[in-house]
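Student: What follows is the file my_file.txt, containing compact mmCIF, C-alpha atoms:
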# COMPACT_ATOMS: atom_id res chain seq x y z
CA MET A 1 249.93 -76.61 38.04
CA SER A 2 253.48 -75.77 38.99
CA ILE A 3 254.55 -74.13 42.26
CA SER A 4 257.94 -72.49 42.57
CA VAL A 5 259.40 -71.83 46.02
CA TYR A 6 262.46 -69.60 46.23
CA TYR A 7 264.92 -68.69 48.96
CA LYS A 8 267.21 -65.77 48.13
CA SER A 9 266.12 -65.98 44.48
CA LYS A 10 267.02 -69.67 44.15
CA HIS A 11 264.70 -72.68 44.02
CA ILE A 12 264.60 -74.69 47.25
CA THR A 13 265.24 -78.42 46.91
CA GLY A 14 262.55 -80.01 44.75
CA SER A 15 261.16 -76.73 43.40
CA PRO A 16 259.32 -76.28 41.11
CA TYR A 17 256.64 -78.76 42.22
CA TYR A 18 254.30 -80.13 39.53
CA TYR A 19 250.73 -81.34 40.02
CA GLU A 20 248.61 -82.98 37.33
CA GLY A 21 244.96 -81.90 37.37
CA PRO A 22 242.26 -81.49 37.95
CA ILE A 23 242.76 -79.35 41.05
CA GLN A 24 239.34 -78.43 42.37
CA PRO A 25 238.19 -75.70 44.76
CA ASP A 26 237.24 -77.08 48.18
CA GLN A 27 233.56 -76.33 47.48
CA CYS A 28 233.49 -78.80 44.58
CA ASP A 29 231.50 -81.95 45.23
CA CYS A 30 233.83 -84.30 43.34
CA PRO A 31 234.51 -87.24 45.66
CA GLU A 32 237.04 -89.97 45.01
CA GLN A 33 234.96 -93.15 44.87
CA ASP A 34 237.40 -95.42 46.73
CA ILE A 35 238.22 -94.23 50.24
CA ASN A 36 241.33 -96.42 50.39
CA VAL A 37 242.69 -94.78 47.24
CA TRP A 38 241.93 -91.35 48.69
CA LEU A 39 243.65 -92.16 52.00
CA GLU A 40 246.76 -93.28 50.14
CA GLN A 41 246.76 -90.26 47.83
CA TYR A 42 246.27 -87.94 50.79
CA GLY A 43 249.20 -89.48 52.64
CA CYS A 44 247.10 -90.72 55.57
CA PRO A 45 248.42 -93.41 57.92
CA GLU A 46 246.63 -96.75 57.92
CA SER A 47 245.64 -96.30 61.56
CA PHE A 48 245.97 -94.11 64.64
CA SER A 49 246.67 -95.65 68.03
CA LYS A 50 244.10 -93.38 69.71
CA ILE A 51 241.41 -94.42 67.25
CA ASN A 52 242.21 -98.08 67.85
CA GLN A 53 242.01 -97.49 71.60
CA ASP A 54 238.72 -95.60 71.46
CA LEU A 55 237.02 -98.09 69.15
CA LYS A 56 238.34 -101.25 70.80
CA PRO A 57 235.28 -101.66 73.09
CA PHE A 58 232.89 -101.39 70.13
CA ASN A 59 232.33 -104.43 67.96
CA ASN A 60 229.17 -105.51 66.16
CA VAL A 61 227.26 -102.34 67.05
CA ASP A 62 223.55 -102.23 66.23
CA MET A 63 222.77 -98.51 66.06
CA GLU A 64 219.04 -99.23 65.82
CA VAL A 65 219.37 -100.41 69.42
CA LYS A 66 222.05 -97.96 70.64
CA VAL A 67 220.59 -94.68 69.38
CA PRO A 68 217.27 -94.97 71.29
CA LYS A 69 219.25 -95.77 74.45
CA ILE A 70 221.45 -92.70 73.96
CA VAL A 71 218.37 -90.52 73.44
CA GLU A 72 216.63 -91.96 76.50
CA LYS A 73 219.62 -91.47 78.79
CA TYR A 74 221.20 -88.26 77.54
CA HIS A 75 218.36 -86.22 76.05
CA LYS A 76 218.32 -83.51 78.70
CA PRO A 77 217.40 -80.43 76.65
CA ASP A 78 218.63 -77.80 79.12
CA THR A 79 222.05 -79.34 79.68
CA THR A 80 222.91 -81.72 76.84
CA SER A 81 222.80 -81.39 73.06
CA PHE A 82 223.77 -83.93 70.43
CA CYS A 83 222.97 -84.98 66.87
CA HIS A 84 222.31 -88.37 65.36
CA TYR A 85 223.84 -88.46 61.87
CA VAL A 86 223.26 -90.90 59.05
CA ILE A 87 225.59 -90.97 56.05
CA LYS A 88 223.86 -92.80 53.23
CA ASN A 89 225.07 -92.85 49.61
CA ASN A 90 227.50 -90.09 50.57
CA LYS A 91 224.70 -87.75 51.64
CA ILE A 92 224.42 -86.35 55.17
CA TYR A 93 221.26 -86.52 57.29
CA ARG A 94 220.75 -85.62 60.93
CA ASP A 95 218.31 -85.40 63.81
CA CYS A 96 219.36 -83.19 66.73
CA TYR A 97 218.36 -83.19 70.40
CA GLY A 98 218.59 -80.40 72.98
CA LYS A 99 217.92 -76.67 73.16
CA HIS A 100 221.39 -75.55 72.12
CA VAL A 101 222.30 -77.29 68.88
CA GLY A 102 224.05 -74.44 67.07
CA PHE A 103 227.38 -76.24 67.28
CA ASN A 104 226.07 -78.78 64.78
CA MET A 105 227.53 -76.39 62.19
CA PHE A 106 230.96 -77.79 63.07
CA SER A 107 230.00 -81.45 62.74
CA ASP A 108 227.98 -80.65 59.61
CA ASN A 109 230.95 -78.91 58.03
CA ILE A 110 233.52 -81.66 58.49
CA LEU A 111 231.12 -84.34 57.22
CA LEU A 112 230.16 -82.22 54.20
CA SER A 113 233.77 -81.34 53.43
CA LEU A 114 234.95 -84.94 53.62
CA SER A 115 232.04 -86.20 51.52
CA ARG A 116 232.99 -83.71 48.78
CA LYS A 117 236.49 -85.19 48.70
CA VAL A 118 235.83 -88.89 49.12
CA ARG A 119 232.84 -91.23 49.11
CA LEU A 120 232.26 -92.01 52.77
CA PRO A 121 231.00 -95.44 53.79
CA ASP A 122 227.37 -95.71 54.88
CA MET A 123 227.26 -95.26 58.64
CA GLU A 124 225.49 -93.57 61.52
CA LEU A 125 226.93 -91.89 64.55
CA VAL A 126 225.95 -89.69 67.48
CA ILE A 127 228.02 -86.53 67.97
CA ASN A 128 227.99 -84.70 71.29
CA LEU A 129 227.73 -80.93 70.75
CA GLY A 130 228.91 -79.98 74.24
CA ASP A 131 232.40 -79.66 75.67
CA TRP A 132 231.96 -82.26 78.42
CA PRO A 133 232.26 -85.93 77.44
CA LEU A 134 229.13 -87.92 78.29
CA ILE A 135 229.75 -91.66 78.66
CA ARG A 136 231.09 -92.26 82.15
CA LYS A 137 233.00 -95.42 82.92
CA ASN A 138 231.15 -98.12 84.83
CA THR A 139 227.90 -97.25 83.04
CA GLU A 140 226.39 -98.84 79.95
CA LEU A 141 228.84 -98.40 77.09
CA LEU A 142 227.16 -96.35 74.37
CA PRO A 143 228.89 -94.98 71.24
CA VAL A 144 229.07 -91.19 71.41
CA PHE A 145 231.63 -89.07 69.54
CA SER A 146 232.94 -86.03 71.44
CA TRP A 147 235.50 -83.27 70.94
CA CYS A 148 237.03 -83.81 74.37
CA GLY A 149 237.79 -86.93 76.38
CA SER A 150 238.54 -87.52 80.03
CA ASP A 151 240.07 -90.18 82.25
CA ASP A 152 236.69 -91.21 83.65
CA THR A 153 234.70 -91.33 80.40
CA MET A 154 234.59 -93.55 77.31
CA ASP A 155 233.57 -91.14 74.54
CA ILE A 156 235.10 -91.63 71.08
CA VAL A 157 237.26 -88.53 70.68
CA MET A 158 237.46 -86.47 67.48
CA PRO A 159 239.60 -83.38 66.81
CA THR A 160 238.01 -80.40 68.56
CA TYR A 161 235.54 -78.21 66.74
CA ASP A 162 238.01 -75.33 67.05
CA LEU A 163 240.91 -77.19 65.43
CA THR A 164 238.60 -78.68 62.80
CA GLU A 165 237.12 -75.29 61.90
CA SER A 166 240.58 -73.77 61.57
CA THR A 167 241.36 -76.64 59.19
CA LEU A 168 238.25 -76.17 57.06
CA GLU A 169 238.61 -72.39 56.96
CA ASN A 170 242.39 -72.32 56.78
CA MET A 171 242.31 -69.93 53.83
CA GLY A 172 238.95 -68.42 54.71
CA ARG A 173 237.41 -66.63 57.64
CA VAL A 174 239.57 -67.87 60.54
CA THR A 175 242.53 -65.79 61.69
CA LEU A 176 243.94 -68.32 64.15
CA ASP A 177 245.30 -71.61 62.89
CA ILE A 178 248.49 -73.64 63.15
CA LEU A 179 250.11 -71.88 60.19
CA SER A 180 249.03 -68.30 60.92
CA VAL A 181 250.45 -68.54 64.44
CA GLN A 182 253.85 -69.42 63.03
CA GLY A 183 253.65 -66.78 60.33
CA ASN A 184 252.73 -63.90 62.63
CA ILE A 185 255.28 -64.30 65.41
CA GLU A 186 257.31 -61.10 65.46
CA LYS A 187 260.06 -61.86 67.96
CA PRO A 188 262.74 -64.57 67.87
CA TRP A 189 263.37 -66.52 71.06
CA GLU A 190 266.25 -64.32 72.16
CA ALA A 191 264.09 -61.17 72.01
CA ARG A 192 261.17 -62.58 74.00
CA GLU A 193 260.67 -61.67 77.64
CA PRO A 194 261.56 -64.51 80.07
CA LEU A 195 258.14 -64.49 81.73
CA ALA A 196 255.28 -66.99 81.84
CA PHE A 197 252.30 -65.46 80.03
CA TRP A 198 248.58 -66.18 80.28
CA ARG A 199 245.27 -64.51 79.49
CA GLY A 200 241.79 -66.02 79.77
CA ARG A 201 238.45 -66.03 81.53
CA ASP A 202 237.55 -67.33 84.99
CA SER A 203 236.23 -70.73 83.86
CA ARG A 204 238.00 -72.76 86.57
CA ALA A 205 239.10 -72.17 90.16
CA GLU A 206 242.73 -72.95 89.27
CA ARG A 207 242.69 -69.88 87.05
CA LEU A 208 242.02 -67.75 90.12
CA LYS A 209 244.87 -69.54 91.88
CA LEU A 210 247.07 -68.75 88.88
CA VAL A 211 246.43 -65.05 89.48
CA ASP A 212 247.42 -65.48 93.15
CA ILE A 213 250.66 -67.22 92.14
CA ALA A 214 251.46 -64.53 89.60
CA ARG A 215 250.86 -61.73 92.10
CA ALA A 216 253.18 -63.44 94.56
CA ASN A 217 255.87 -63.80 91.84
CA PRO A 218 255.68 -60.69 89.62
CA ASP A 219 259.23 -61.31 88.40
CA LEU A 220 258.12 -64.61 86.81
CA PHE A 221 254.63 -64.01 85.41
CA ASN A 222 252.46 -61.80 83.26
CA VAL A 223 249.00 -63.16 84.06
CA SER A 224 245.54 -61.61 84.04
CA LEU A 225 241.88 -62.52 83.67
CA THR A 226 240.07 -61.05 80.67
CA ASN A 227 236.48 -61.79 81.68
CA PHE A 228 234.40 -62.84 84.66
CA PHE A 229 231.44 -65.19 84.32
CA PHE A 230 231.78 -68.12 86.71
CA PHE A 231 233.14 -66.22 89.74
CA LEU A 232 231.38 -62.88 89.58
CA ASP A 233 231.62 -62.56 93.37
CA LYS A 234 235.42 -62.69 93.08
CA GLN A 235 235.72 -59.91 90.52
CA GLU A 236 236.84 -57.29 93.00
CA GLN A 237 239.48 -59.62 94.44
CA TYR A 238 240.87 -60.89 91.13
CA GLY A 239 240.23 -57.88 88.91
CA PRO A 240 240.47 -55.57 87.27
CA LYS A 241 240.12 -57.61 84.12
CA SER A 242 242.56 -56.94 81.32
CA PRO A 243 241.56 -56.14 77.74
CA HIS A 244 241.93 -58.87 75.14
CA ILE A 245 245.14 -58.81 73.14
CA SER A 246 246.09 -60.51 69.90
CA PHE A 247 247.00 -64.15 70.38
CA PHE A 248 250.12 -63.49 68.35
CA LYS A 249 251.32 -61.08 71.04
CA PHE A 250 251.37 -63.97 73.53
CA PHE A 251 254.65 -64.95 71.94
CA ASP A 252 256.41 -61.78 72.99
CA TYR A 253 257.04 -64.02 76.03
CA LYS A 254 259.11 -67.20 76.22
CA TYR A 255 256.82 -69.31 78.39
CA GLN A 256 253.15 -70.09 77.79
CA ILE A 257 250.81 -71.47 80.45
CA ASN A 258 248.21 -74.03 79.37
CA ILE A 259 245.57 -74.43 82.06
CA ASP A 260 242.16 -76.09 81.81
CA GLY A 261 238.98 -74.12 81.22
CA THR A 262 235.66 -75.87 81.60
CA VAL A 263 237.40 -78.91 80.07
CA ALA A 264 240.72 -79.15 78.21
CA SER A 265 242.00 -75.82 76.99
CA TYR A 266 241.57 -75.97 73.23
CA ARG A 267 244.35 -73.42 72.66
CA LEU A 268 247.14 -75.96 73.25
CA PRO A 269 247.79 -76.64 69.51
CA TYR A 270 248.31 -72.93 68.89
CA LEU A 271 250.51 -72.46 71.96
CA LEU A 272 252.73 -75.27 70.74
CA ALA A 273 252.81 -73.80 67.24
CA GLY A 274 253.97 -70.43 68.55
CA GLY A 275 257.39 -71.73 69.52
CA GLY A 276 257.13 -70.88 73.21
CA THR A 277 257.89 -73.31 76.03
CA VAL A 278 254.48 -74.59 77.11
CA LEU A 279 253.89 -75.16 80.82
CA LYS A 280 251.01 -77.64 80.77
CA GLN A 281 248.82 -78.32 83.77
CA ALA A 282 248.16 -81.99 84.53
CA SER A 283 244.57 -82.71 83.56
CA PRO A 284 242.00 -85.50 83.40
CA TYR A 285 240.76 -83.95 80.14
CA TYR A 286 242.39 -84.45 76.77
CA GLU A 287 242.15 -83.79 73.04
CA HIS A 288 242.64 -86.47 70.43
CA PHE A 289 246.43 -85.95 70.18
CA TYR A 290 247.44 -85.58 73.85
CA SER A 291 248.59 -89.20 74.21
CA GLN A 292 251.32 -88.50 71.63
CA LEU A 293 252.83 -85.65 73.64
CA VAL A 294 255.82 -86.44 75.84
CA PRO A 295 256.52 -84.44 79.05
CA TRP A 296 259.88 -82.64 79.02
CA GLU A 297 260.09 -83.21 75.27
CA HIS A 298 257.09 -81.28 73.97
CA PHE A 299 256.07 -79.41 77.12
CA VAL A 300 257.03 -78.79 80.74
CA PRO A 301 254.60 -80.62 83.07
CA VAL A 302 252.92 -78.74 85.93
CA SER A 303 250.94 -80.34 88.76
CA ARG A 304 247.16 -80.15 88.79
CA ASP A 305 247.11 -77.76 91.76
CA LEU A 306 249.82 -75.54 90.19
CA SER A 307 251.94 -75.88 93.34
CA ASP A 308 255.14 -76.32 91.28
CA LEU A 309 254.37 -73.74 88.59
CA ALA A 310 256.71 -71.02 89.87
CA GLN A 311 259.44 -73.65 90.29
CA ARG A 312 258.98 -74.76 86.65
CA VAL A 313 259.33 -71.18 85.40
CA ARG A 314 262.52 -70.75 87.41
CA TRP A 315 263.82 -74.00 85.90
CA ALA A 316 263.09 -72.74 82.37
CA ARG A 317 264.88 -69.46 83.03
CA ALA A 318 267.93 -71.29 84.40
CA HIS A 319 267.98 -73.81 81.52
CA ASP A 320 267.40 -71.69 78.45
CA ASP A 321 268.94 -74.14 75.98
CA GLU A 322 266.69 -76.94 77.19
CA ALA A 323 263.63 -74.69 77.31
CA VAL A 324 264.06 -73.53 73.73
CA GLU A 325 264.57 -77.13 72.59
CA ILE A 326 261.25 -78.09 74.21
CA ALA A 327 259.65 -75.15 72.40
CA ARG A 328 261.10 -76.30 69.06
CA ASN A 329 259.91 -79.86 69.68
CA GLY A 330 256.39 -78.60 70.38
CA ARG A 331 256.29 -76.67 67.11
CA LYS A 332 257.72 -79.65 65.23
CA PHE A 333 254.99 -81.85 66.73
CA VAL A 334 252.12 -79.70 65.48
CA ASN A 335 253.69 -79.47 62.03
CA GLU A 336 253.90 -83.25 61.87
CA HIS A 337 250.53 -84.08 63.45
CA LEU A 338 248.08 -81.15 63.48
CA LEU A 339 248.17 -79.47 60.08
CA PRO A 340 244.99 -79.55 57.94
CA GLN A 341 246.07 -82.73 56.16
CA HIS A 342 246.42 -84.54 59.48
CA ILE A 343 243.01 -83.40 60.74
CA PHE A 344 241.29 -84.59 57.56
CA CYS A 345 243.16 -87.90 57.79
CA TYR A 346 242.17 -88.45 61.41
CA HIS A 347 238.47 -87.88 60.69
CA ALA A 348 238.52 -90.07 57.57
CA VAL A 349 240.29 -92.99 59.25
CA LEU A 350 238.05 -92.67 62.32
CA PHE A 351 234.85 -92.75 60.27
CA GLN A 352 236.04 -95.58 58.07
CA GLU A 353 236.98 -97.71 61.06
CA TRP A 354 233.73 -96.87 62.82
CA SER A 355 231.64 -97.87 59.80
CA LYS A 356 233.14 -101.37 59.93
CA ARG A 357 231.66 -101.93 63.38
CA ILE A 358 228.05 -101.18 62.50
CA THR A 359 226.00 -104.32 61.95
CA ASN A 360 222.55 -102.92 61.15
CA LYS A 361 221.55 -101.82 57.66
CA VAL A 362 222.07 -98.07 57.53
CA ASN A 363 218.87 -96.26 56.59
CA VAL A 364 217.73 -92.66 56.77
CA ARG A 365 215.33 -92.46 59.71
CA LYS A 366 211.92 -90.86 59.40
CA GLY A 367 211.98 -87.14 60.15
CA MET A 368 215.70 -86.67 59.55
CA THR A 369 216.89 -83.47 57.87
CA GLU A 370 219.26 -83.64 54.91
CA VAL A 371 222.30 -81.38 55.27
CA PRO A 372 222.82 -80.04 51.74
CA GLN A 373 226.12 -79.37 50.05
CA PRO A 374 226.72 -75.72 49.14
CA THR A 375 225.79 -74.77 45.59
CA PHE A 376 228.94 -74.40 43.54
CA ASP A 377 229.58 -74.70 39.81
CA CYS A 378 232.14 -77.45 39.26
CA HIS A 379 233.27 -79.72 36.48
CA CYS A 380 234.27 -82.98 38.11
CA GLU A 381 235.20 -85.02 35.06
CA PRO A 382 239.01 -85.17 34.94
CA LYS A 383 240.54 -83.57 31.91
CA GLU A 384 243.06 -85.44 29.79
CA LYS A 385 246.32 -85.33 31.70
CA LYS A 386 249.21 -83.53 30.12
CA LYS A 387 252.68 -84.90 30.12
CA ARG A 388 254.96 -83.38 32.72
CA GLU A 389 257.15 -81.78 30.07
CA ASP A 390 254.08 -79.95 28.73
CA LEU A 391 253.35 -78.28 32.09
Is it possible to give me this structure as structure tokens?

Tutor:
Amino acid sequence: MSISVYYKSKHITGSPYYYEGPIQPDQCDCPEQDINVWLEQYGCPESFSKINQDLKPFNNVDMEVKVPKIVEKYHKPDTTSFCHYVIKNNKIYRDCYGKHVGFNMFSDNILLSLSRKVRLPDMELVINLGDWPLIRKNTELLPVFSWCGSDDTMDIVMPTYDLTESTLENMGRVTLDILSVQGNIEKPWEAREPLAFWRGRDSRAERLKLVDIARANPDLFNVSLTNFFFFLDKQEQYGPKSPHISFFKFFDYKYQINIDGTVASYRLPYLLAGGGTVLKQASPYYEHFYSQLVPWEHFVPVSRDLSDLAQRVRWARAHDDEAVEIARNGRKFVNEHLLPQHIFCYHAVLFQEWSKRITNKVNVRKGMTEVPQPTFDCHCEPKEKKKREDL
């Protein structure tokens, strides 16, 4: 396959790009047998500092002992849902606990997608299907993988289900992903309104306070709640609610507010991608990449109680050159760390490193359900490679 990329009718540097086959559709179950070869071919780093940090407490883990303890302590069907997965001979099996296990589609999908691309090591893991991390510090350390971490918990953090789904469906059903945000922004920085913009539901008290701050400073903010669920008794005070608008229209404004919801606000990658200056609330919650972000380089920090938010907006308006540089740095960060390639790499390295810590023989437990690969007609045997000059 050759790909030509032109700018003003001329090839950009390196174009045309040549790839020797076979190039398979994502649905093809044609895994590379050696995960180390695949990681190198995919351009993955050898390690991630966050993975090393999260896995450091876990050595010589016997999952035959740990899983029953996790079930005993955290199987609370009305409030907690999780799945115990076994990957054996590159097939996926699971047993789920809790009343609300529909989010297992996200963990299923990343495991299935990876196992179509590369032969995963035999392993077992427990994935939390809720937003809140489970394993509090100063309690028995049990290995649970979660989409969100916090300062007072010890969960092993994976990329969020939202970011992972946008990776898996990047050319499919999703309309919001790191690339589409950048491709659908209509206004350059100079044409954007110098206001701090936010829309969202009432999932945290600070969001109500944000409305108060915005009403007291209408020259600085365009802020409104779009739905009431947690504070129905406050609807008259903080309404009327505003209709939803396209996420792409957020970037008609220079400054974007990132404030927690029930946990970390999972929209941060997309806010950074949009090229606005992100005003990020201090938070005990985090996604897998937060530790790589630098205040005043990738975002403007805001105190937990939002007491300095108006001051930060005034600073941005008075320092436009610095504000736009922060915005550019934020976009550069997501393009270097949060594109689909990076999300696949993070999962693959995380699972490989985790598998090394399991001491028990990995077996499919009685009663587990196999998660099947989608049916798709593929021819996995590589064809004879053509010489570059023949392409």

Student: Per residue of stretch 139-188 of chain A within 12 Å of stretch 63-73 of chain A, record the nearest atom pair and its distance in Å to one decimal, counting all atoms listed in the file, with rows in chain order and ascending residue number, as a tab-separated table.

Tutor:
residue	atom	partner	partner_atom	distance
A:Thr139	CA	A:Lys73	CA	11.0
A:Glu140	CA	A:Lys69	CA	9.5
A:Leu141	CA	A:Lys66	CA	9.4
A:Leu142	CA	A:Lys66	CA	6.5
A:Pro143	CA	A:Lys66	CA	7.5
A:Val144	CA	A:Ile70	CA	8.2
A:Phe145	CA	A:Ile70	CA	11.7

Student: Quick one: distance from atom CA of A:Lys361 to atom CA of A:Asp122 in Å, one decimal?

Tutor: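 Spanning atom CA of A:Lys361 to atom CA of A:Asp122 is a straight-line distance of 8.9 Å.
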
Student: Pick the closest to A:Gln292 from A:Arg136, A:Lys241, A:Arg207, A:Lys50: which is it, counting all atoms listed in the file?

Tutor: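 Closest to A:Gln292, using all atoms listed in the file: A:Lys50.
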
Student: Of the residues A:Leu232, A:Leu208, A:Ile185, A:Leu55, which is the one nearest to A:Met154, using only C-alpha atoms?

Tutor: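 Selected residue with least distance to A:Met154: A:Leu55.
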
Student: What's around A:Asn329 at 6 Å? Count all atoms listed in the file, leave out sequence neighbours fewer than 3 positions away in its own chain, and write the answer as a PDB file with C-alpha atoms, in the frame of the given file.

Tutor:
ATOM      1  CA  HIS A 298     257.090 -81.280  73.970  1.00  0.00           C
ATOM      2  CA  ILE A 326     261.250 -78.090  74.210  1.00  0.00           C
ATOM      3  CA  LYS A 332     257.720 -79.650  65.230  1.00  0.00           C
TER       4      LYS A 332
END
